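Below: the structure, in structure tokens.
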Amino acid sequence: MKRLIAVAIATVLAGPAMAEFPEKEITLVVPSAPGGSGDRVARTLSKYNREIKAFDQEITVKNSRGGGGSVASRQVKEADPDGYTILLLHQGLITANVLGVTDYGPEAFEPLAEVAQQCLVYVGAPKSPYADYKAAVEAVKGGTRMREAANIGAPAHFASMYLNEVAGINVSLVQAGQGSERLASLMGGHTDVSIFAVSEALAYQENGLKPLVIMSAERDPVLPDVPTARELGYDAEFCIGNWILAPKGTPDDVLAKLQQGLETLMTDPALLKEMTEGGFKPVFVSGDMLADKIDAATDTITRLGAKIAK
Amino acid sequence: MFSFFGLSPILFAMIGGLAGLVVGVIPGIGPATLIAVMVPLTLTMSSVDAIVMLVGMYVGGVSGGMVSAALLRMPGTPSSIMTTLDAFPMAQKGQPERALAICIVASLTGGLIAGLVLLLLARPLSIWGTYFGPWEYFALITMGLVLMASLIRGNMTGGLIAGVLGLLASVPGVSAADGALRLDFGIGQMVGGLDTLPVLLGLFVIGTSLSALLSKEPEVETVSLTGNAVSGMRDVFKDNWVNLLRSSFVGAWIGILPGVGASIASTISYSVAKTFHKNGVKFGTGEPGGIIAAESANNANVGGALIPLVALGIPGSAVDAILLGALILHNITPGPLLFTNSPDLAWGVVFAYLFTTILCGIVLFTGMRAFVSLVRVPRELLYPIMIVFAVLGCYSLRNEVFDVVVLFIFGLLGLIFERLKIPLAPFVIGFVLGGLAETQLRSALMWSEGSYLGILERPVAVIFIAVAAATLLLPPLVTYVMRRRAV
């Protein structure tokens, strides 16, 4: 009898999972305010899902800004692992952990896919005397003090640390904050260099910023004249990834369905066009490739984080 | 700049101005409460529409406060306390319409003068502001905090306690300067620190509503409008030209100072006018000069306080702190580049201010009688509605239950403040400017490689600090010297 009841309960509990996923809307939690870069990626996915129905249900975007992305990541980490609450986040998931802001990192999630990249561009202030990154490196090696407008603790800060480490120089960091505040610092002549995502560098170009070097594998079509770090002889690549993650413990079949739906979305030409025009590089990386990528990023950031702690 | 002339922002500025007027007229609910409740509802609006509407509410709210101040001796908003001193006695003498007419003309003039200052000064100040580095910002904010403390009138101890508590509330969470975590008490959600909007919603909506619900509703008599509006207008333009101009500029100037709001502006303008006006001794008995000093200054202050907000991203008053929160909610970083990167928004604020100032003047003048009936709206019906809106709105900001907990904790704090007659504004200013000042100081120290003497390389910053020091040290020094002489 007891066994019978147990089986009955198990059947009832398993019932919903047996039905076809998704049965209700999927909530995609993003760490930025409406209009922020993660929000824009998420809303593009949501918009085109409505058109091409990659999922039978809507994708709703939830904005949970704050705490360097940890407000959003914590929400998803603690959500029911049923696939209906998923996260869009970047390397901030790792930096928050490395800096002790969170006690969990990517291991607390099931990575689903990387859908967009934003490679980083090192830029000089409008009045900066450096024609390119090499000249800046030479100047610093020659004893010049170079001030960098930074957003300490954010992925972009780790990216510039990485670049400067490979080039073998030390810059003086001056905390400025997010993109527009770093721009203000450069414009006011308080700092000499800073680092921006391609979309930001593009938007701020009319302010007179001088892109020095791009940290992508190949030159970016929207900034064709900017050399890659590798071209200049510095093997430092860093692109902010837009990763979609589900809570640990989400059933395999649900994960597979989510991945499948995202892959379908990421083949829609109109979506790809909209992302590209917004300064994002649409990609679709999943499975082991994505896991390796996240592991590699974790290693780099952990190593750099130890340097900050010193 | 030009998209402001689209229909939709004008419409929203109008809605904001009218809603602000209505709320301003009703005693006890001020523009801060209204704006705090409305911010989450603007999430779905375009940022320009949202901001012009909120600015409209700010102007309308401060303008509307005059009605109940004059007729009932109950300030409709905190900034019209000084208006009660002369407008109410004049109304008691059977001339309420004359009193209101003086209020309206003074408000309109003060508003227009400050609007002109805003129009002419905001853009140049923002250009100058680009050259402000971390040392200048830190010094400017410090100056604002010191001036605010020195200008607190009445409950000095309470004001200072509120200011320090506000500073403390800015500490928890990930430090904006170096990403380090502090004072999170092991609560996961505290990592993000105390978000501005839930705190302000708690103080201004939950706190003030609970306090009002707990206190006995004062009996409101029926007021009939008698007197002569035209004689009121004559009062303004006969003997009070100088008073009107001086009070408007005092209001606008105090507005520009970071952190100092309309209540303090009208208090100072009133005491200045009392000293210099030829009928100064009669102030408090229904003297037109007193009404003019109070009403032109509180409206001018709103315009002045918008200047540091749009030009530098530093709130000029507690209400501006809420507007700052609204900008950040819409993913707009306030600062000297606002005019360059979001010109429609920056100019939208300027024109919304001018537009609603004129609108409120006209509407108040033509609809005086309708507004008079509003002072009798049963408020116990409004407060529960506002509490519900605050809770829903607060949750919708980030979809965090924790924010609602913060809302109620600060609601409780607001209630305690109201009961103990501790002003809320210093808390808000401490809370908002404290975090800014800290981040700027840390950046400044990075800029000069850890040396505090680095400030000496920045003359403008040195001047700000000198002004702050003088404000703090001169008055006690003068008193001391005077006392010694007297002995």
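Residue names in the structure tokens use chain letters A, B, ... in the order shown, residue numbers from 1 in each chain, and ligand numbers from 1 in the order shown.
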
Return as CSV the residues of chain B lying at most 8 Å from chain A, together with the closest atom-to-atom pair for each and the distance in Å to one decimal, counting only C-alpha atoms, with rows in chain order and ascending residue number.
```
residue,atom,partner,partner_atom,distance
B:Thr130,CA,A:Gly188,CA,4.9
B:Tyr131,CA,A:Gly188,CA,4.5
B:Phe132,CA,A:Gly188,CA,6.8
B:Gly133,CA,A:His190,CA,6.0
B:Gly173,CA,A:Gly67,CA,7.1
B:Val174,CA,A:Gly67,CA,6.1
B:Ala176,CA,A:Gly177,CA,7.5
B:Ala177,CA,A:Gln175,CA,6.1
B:Asp178,CA,A:Ile152,CA,5.4
B:Gly179,CA,A:Gly153,CA,5.1
B:Ala180,CA,A:Leu99,CA,6.9
B:Leu181,CA,A:Val101,CA,5.7
B:Gly188,CA,A:Arg74,CA,7.7
B:Gln189,CA,A:Val71,CA,6.3
B:Val191,CA,A:Gly67,CA,5.3
B:Gly192,CA,A:Gly67,CA,3.5
B:Gly193,CA,A:Gly67,CA,7.0
B:Leu329,CA,A:Ala33,CA,6.2
B:His330,CA,A:Pro34,CA,6.3
B:Asn331,CA,A:Ala33,CA,5.7
B:Thr333,CA,A:Ser180,CA,6.6
B:Gly335,CA,A:Glu181,CA,7.8
B:Pro336,CA,A:Ala184,CA,7.3
B:Leu337,CA,A:Ala184,CA,6.5
B:Leu397,CA,A:Ser64,CA,7.8
B:Arg398,CA,A:Ser64,CA,4.4
B:Asn399,CA,A:Ser64,CA,6.5
B:Glu400,CA,A:Ser64,CA,7.5
B:Thr439,CA,A:Gln175,CA,8.0
B:Arg442,CA,A:Gln175,CA,7.5
B:Ser443,CA,A:Gln175,CA,4.9
B:Ala444,CA,A:Val174,CA,7.5
B:Met446,CA,A:Val174,CA,5.2
B:Trp447,CA,A:Val174,CA,5.5
B:Glu449,CA,A:Ser172,CA,7.9
```

With DSSP run on the backbone, what are the strand (DSSP E) residues within region 156-263 of chain A? I'd like them as a PDB file with N, CA and C atoms, in the first residue's frame.
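Produced file out-v1.pdb, reproduced below:
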```
ATOM      1  N   SER A 172      47.986  53.295 -14.285  1.00  0.00           N
ATOM      2  CA  SER A 172      47.358  53.755 -13.045  1.00  0.00           C
ATOM      3  C   SER A 172      45.858  53.745 -13.249  1.00  0.00           C
ATOM      4  N   LEU A 173      45.164  52.932 -12.470  1.00  0.00           N
ATOM      5  CA  LEU A 173      43.714  52.882 -12.610  1.00  0.00           C
ATOM      6  C   LEU A 173      43.082  54.045 -11.857  1.00  0.00           C
ATOM      7  N   VAL A 174      42.098  54.664 -12.482  1.00  0.00           N
ATOM      8  CA  VAL A 174      41.276  55.660 -11.791  1.00  0.00           C
ATOM      9  C   VAL A 174      39.834  55.199 -11.941  1.00  0.00           C
ATOM     10  N   GLN A 175      39.200  54.900 -10.820  1.00  0.00           N
ATOM     11  CA  GLN A 175      37.833  54.395 -10.889  1.00  0.00           C
ATOM     12  C   GLN A 175      36.904  55.456 -11.494  1.00  0.00           C
ATOM     13  N   VAL A 193      43.429  56.693 -21.149  1.00  0.00           N
ATOM     14  CA  VAL A 193      42.918  55.545 -21.899  1.00  0.00           C
ATOM     15  C   VAL A 193      41.761  54.920 -21.142  1.00  0.00           C
ATOM     16  N   SER A 194      40.999  54.088 -21.855  1.00  0.00           N
ATOM     17  CA  SER A 194      39.961  53.293 -21.209  1.00  0.00           C
ATOM     18  C   SER A 194      39.584  52.147 -22.127  1.00  0.00           C
ATOM     19  N   ILE A 195      38.655  51.331 -21.654  1.00  0.00           N
ATOM     20  CA  ILE A 195      38.259  50.186 -22.467  1.00  0.00           C
ATOM     21  C   ILE A 195      36.746  50.176 -22.611  1.00  0.00           C
ATOM     22  N   PHE A 196      36.283  49.896 -23.824  1.00  0.00           N
ATOM     23  CA  PHE A 196      34.843  49.903 -24.093  1.00  0.00           C
ATOM     24  C   PHE A 196      34.463  48.699 -24.943  1.00  0.00           C
ATOM     25  N   ALA A 197      33.193  48.316 -24.887  1.00  0.00           N
ATOM     26  CA  ALA A 197      32.674  47.329 -25.831  1.00  0.00           C
ATOM     27  C   ALA A 197      32.594  48.003 -27.207  1.00  0.00           C
ATOM     28  N   LYS A 210      39.806  57.771 -29.586  1.00  0.00           N
ATOM     29  CA  LYS A 210      40.680  57.125 -30.570  1.00  0.00           C
ATOM     30  C   LYS A 210      40.824  55.640 -30.252  1.00  0.00           C
ATOM     31  N   PRO A 211      40.156  54.782 -31.018  1.00  0.00           N
ATOM     32  CA  PRO A 211      40.320  53.348 -30.770  1.00  0.00           C
ATOM     33  C   PRO A 211      41.759  52.934 -31.071  1.00  0.00           C
ATOM     34  N   LEU A 212      42.405  52.235 -30.111  1.00  0.00           N
ATOM     35  CA  LEU A 212      43.816  51.883 -30.280  1.00  0.00           C
ATOM     36  C   LEU A 212      44.001  50.434 -30.711  1.00  0.00           C
ATOM     37  N   VAL A 213      43.253  49.547 -30.075  1.00  0.00           N
ATOM     38  CA  VAL A 213      43.433  48.125 -30.370  1.00  0.00           C
ATOM     39  C   VAL A 213      42.158  47.391 -29.976  1.00  0.00           C
ATOM     40  N   ILE A 214      41.839  46.315 -30.738  1.00  0.00           N
ATOM     41  CA  ILE A 214      40.633  45.556 -30.433  1.00  0.00           C
ATOM     42  C   ILE A 214      41.034  44.160 -29.974  1.00  0.00           C
ATOM     43  N   CYS A 239      36.402  38.924 -25.243  1.00  0.00           N
ATOM     44  CA  CYS A 239      35.096  39.409 -25.677  1.00  0.00           C
ATOM     45  C   CYS A 239      34.111  39.103 -24.559  1.00  0.00           C
ATOM     46  N   ILE A 240      33.245  40.075 -24.265  1.00  0.00           N
ATOM     47  CA  ILE A 240      32.195  39.833 -23.285  1.00  0.00           C
ATOM     48  C   ILE A 240      31.204  38.875 -23.935  1.00  0.00           C
ATOM     49  N   GLY A 241      30.956  37.750 -23.261  1.00  0.00           N
ATOM     50  CA  GLY A 241      30.020  36.779 -23.822  1.00  0.00           C
ATOM     51  C   GLY A 241      28.644  36.999 -23.240  1.00  0.00           C
ATOM     52  N   ASN A 242      27.609  36.824 -24.028  1.00  0.00           N
ATOM     53  CA  ASN A 242      26.258  36.855 -23.472  1.00  0.00           C
ATOM     54  C   ASN A 242      25.806  35.412 -23.345  1.00  0.00           C
ATOM     55  N   TRP A 243      25.964  34.875 -22.133  1.00  0.00           N
ATOM     56  CA  TRP A 243      25.660  33.466 -21.892  1.00  0.00           C
ATOM     57  C   TRP A 243      24.249  33.324 -21.353  1.00  0.00           C
ATOM     58  N   ILE A 244      23.579  32.268 -21.825  1.00  0.00           N
ATOM     59  CA  ILE A 244      22.274  31.960 -21.252  1.00  0.00           C
ATOM     60  C   ILE A 244      22.434  30.703 -20.413  1.00  0.00           C
ATOM     61  N   LEU A 245      22.007  30.798 -19.151  1.00  0.00           N
ATOM     62  CA  LEU A 245      22.251  29.721 -18.198  1.00  0.00           C
ATOM     63  C   LEU A 245      20.965  29.350 -17.476  1.00  0.00           C
ATOM     64  N   ALA A 246      20.865  28.054 -17.139  1.00  0.00           N
ATOM     65  CA  ALA A 246      19.705  27.585 -16.376  1.00  0.00           C
ATOM     66  C   ALA A 246      20.196  27.160 -15.000  1.00  0.00           C
ATOM     67  N   PRO A 247      19.304  27.114 -14.005  1.00  0.00           N
ATOM     68  CA  PRO A 247      19.744  26.687 -12.679  1.00  0.00           C
ATOM     69  C   PRO A 247      20.235  25.242 -12.715  1.00  0.00           C
TER      70      PRO A 247
END
```

TODO: Just the helix (DSSP H, G or I) stuff from region 1-190 of chain B, please, per backbone DSSP, written as a ChimeraX atom specification.
DONE: /B:2-5,7-25,31-44,47-72,78-92,96-130,134-151,156-169,188-190

Task: Contact residues around Met14 (chain B) with only C-alpha atoms at 7 Å, ignoring same-chain residues under 3 positions, as a list in words - done: Ile10, Leu11, Gly17, Leu18, Gly56 and Thr356 of chain B

Open item on the list: For a quick check of understanding, using only C-alpha atoms, which of B:Ile422, B:Ile206, B:Ala229, B:Ala13 has the smallest distance to Val388 (chain B)?
Closed with: B:Ile206

Give me, as a PDB file with N, CA and C atoms, in the first residue's frame, all polymer residues having an atom no more than 8 Å from Ala32 (chain B), counting only C-alpha atoms and skipping those fewer than 3 positions away in the same chain.
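Output saved as around-v3.pdb:
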```pdb
ATOM      1  N   ILE B  35       5.983  61.830  -6.788  1.00  0.00           N
ATOM      2  CA  ILE B  35       6.989  61.415  -7.763  1.00  0.00           C
ATOM      3  C   ILE B  35       7.522  60.024  -7.427  1.00  0.00           C
ATOM      4  N   ALA B  36       7.739  59.775  -6.127  1.00  0.00           N
ATOM      5  CA  ALA B  36       8.233  58.454  -5.729  1.00  0.00           C
ATOM      6  C   ALA B  36       7.251  57.365  -6.152  1.00  0.00           C
ATOM      7  N   TYR B  58       6.863  67.859 -10.124  1.00  0.00           N
ATOM      8  CA  TYR B  58       7.680  68.610  -9.169  1.00  0.00           C
ATOM      9  C   TYR B  58       7.202  70.069  -9.143  1.00  0.00           C
ATOM     10  N   PHE B 204       9.159  58.351   1.745  1.00  0.00           N
ATOM     11  CA  PHE B 204       8.210  59.388   1.330  1.00  0.00           C
ATOM     12  C   PHE B 204       6.782  58.892   1.171  1.00  0.00           C
ATOM     13  N   ALA B 318      16.065  66.849  -2.345  1.00  0.00           N
ATOM     14  CA  ALA B 318      15.604  65.476  -2.124  1.00  0.00           C
ATOM     15  C   ALA B 318      14.761  64.978  -3.301  1.00  0.00           C
ATOM     16  N   VAL B 319      13.909  65.863  -3.847  1.00  0.00           N
ATOM     17  CA  VAL B 319      13.082  65.439  -4.980  1.00  0.00           C
ATOM     18  C   VAL B 319      13.976  65.122  -6.180  1.00  0.00           C
ATOM     19  N   ILE B 322      15.210  61.695  -6.235  1.00  0.00           N
ATOM     20  CA  ILE B 322      14.276  60.711  -6.795  1.00  0.00           C
ATOM     21  C   ILE B 322      14.342  60.761  -8.323  1.00  0.00           C
TER      22      ILE B 322
END
```

- [ ] Identify, on the basis of only C-alpha atoms, every residue whose closest approach to region 268-285 of chain A does not exceed 6 Å; exclude the query and any residue fewer than 2 positions from it along the same chain; express the result as JSON, numbers by chain.
- [x] {"A": [113, 114, 115, 116, 117, 118, 199, 265, 266, 290]}

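Counting from CA of Gly142 (chain A), the distance to CA of Tyr234 (chain A) is 18.5 Å.
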
Open item on the list: If we count only C-alpha atoms and set the cut-off at 10 Å, which residues sit around Ile314 (chain B), ignoring sequence neighbours fewer than 6 positions away in its own chain? Please answer as a PyMOL selection string.
Closed with: chain B and resi 137+140-141+144+256-259+305-308+320-321+324+334-336+432-433+436

Open item on the list: Just the number, please: distance in Å from CA of Ile294 (chain A) to CA of Ile308 (chain A), one decimal.
Closed with: 20.7 Å
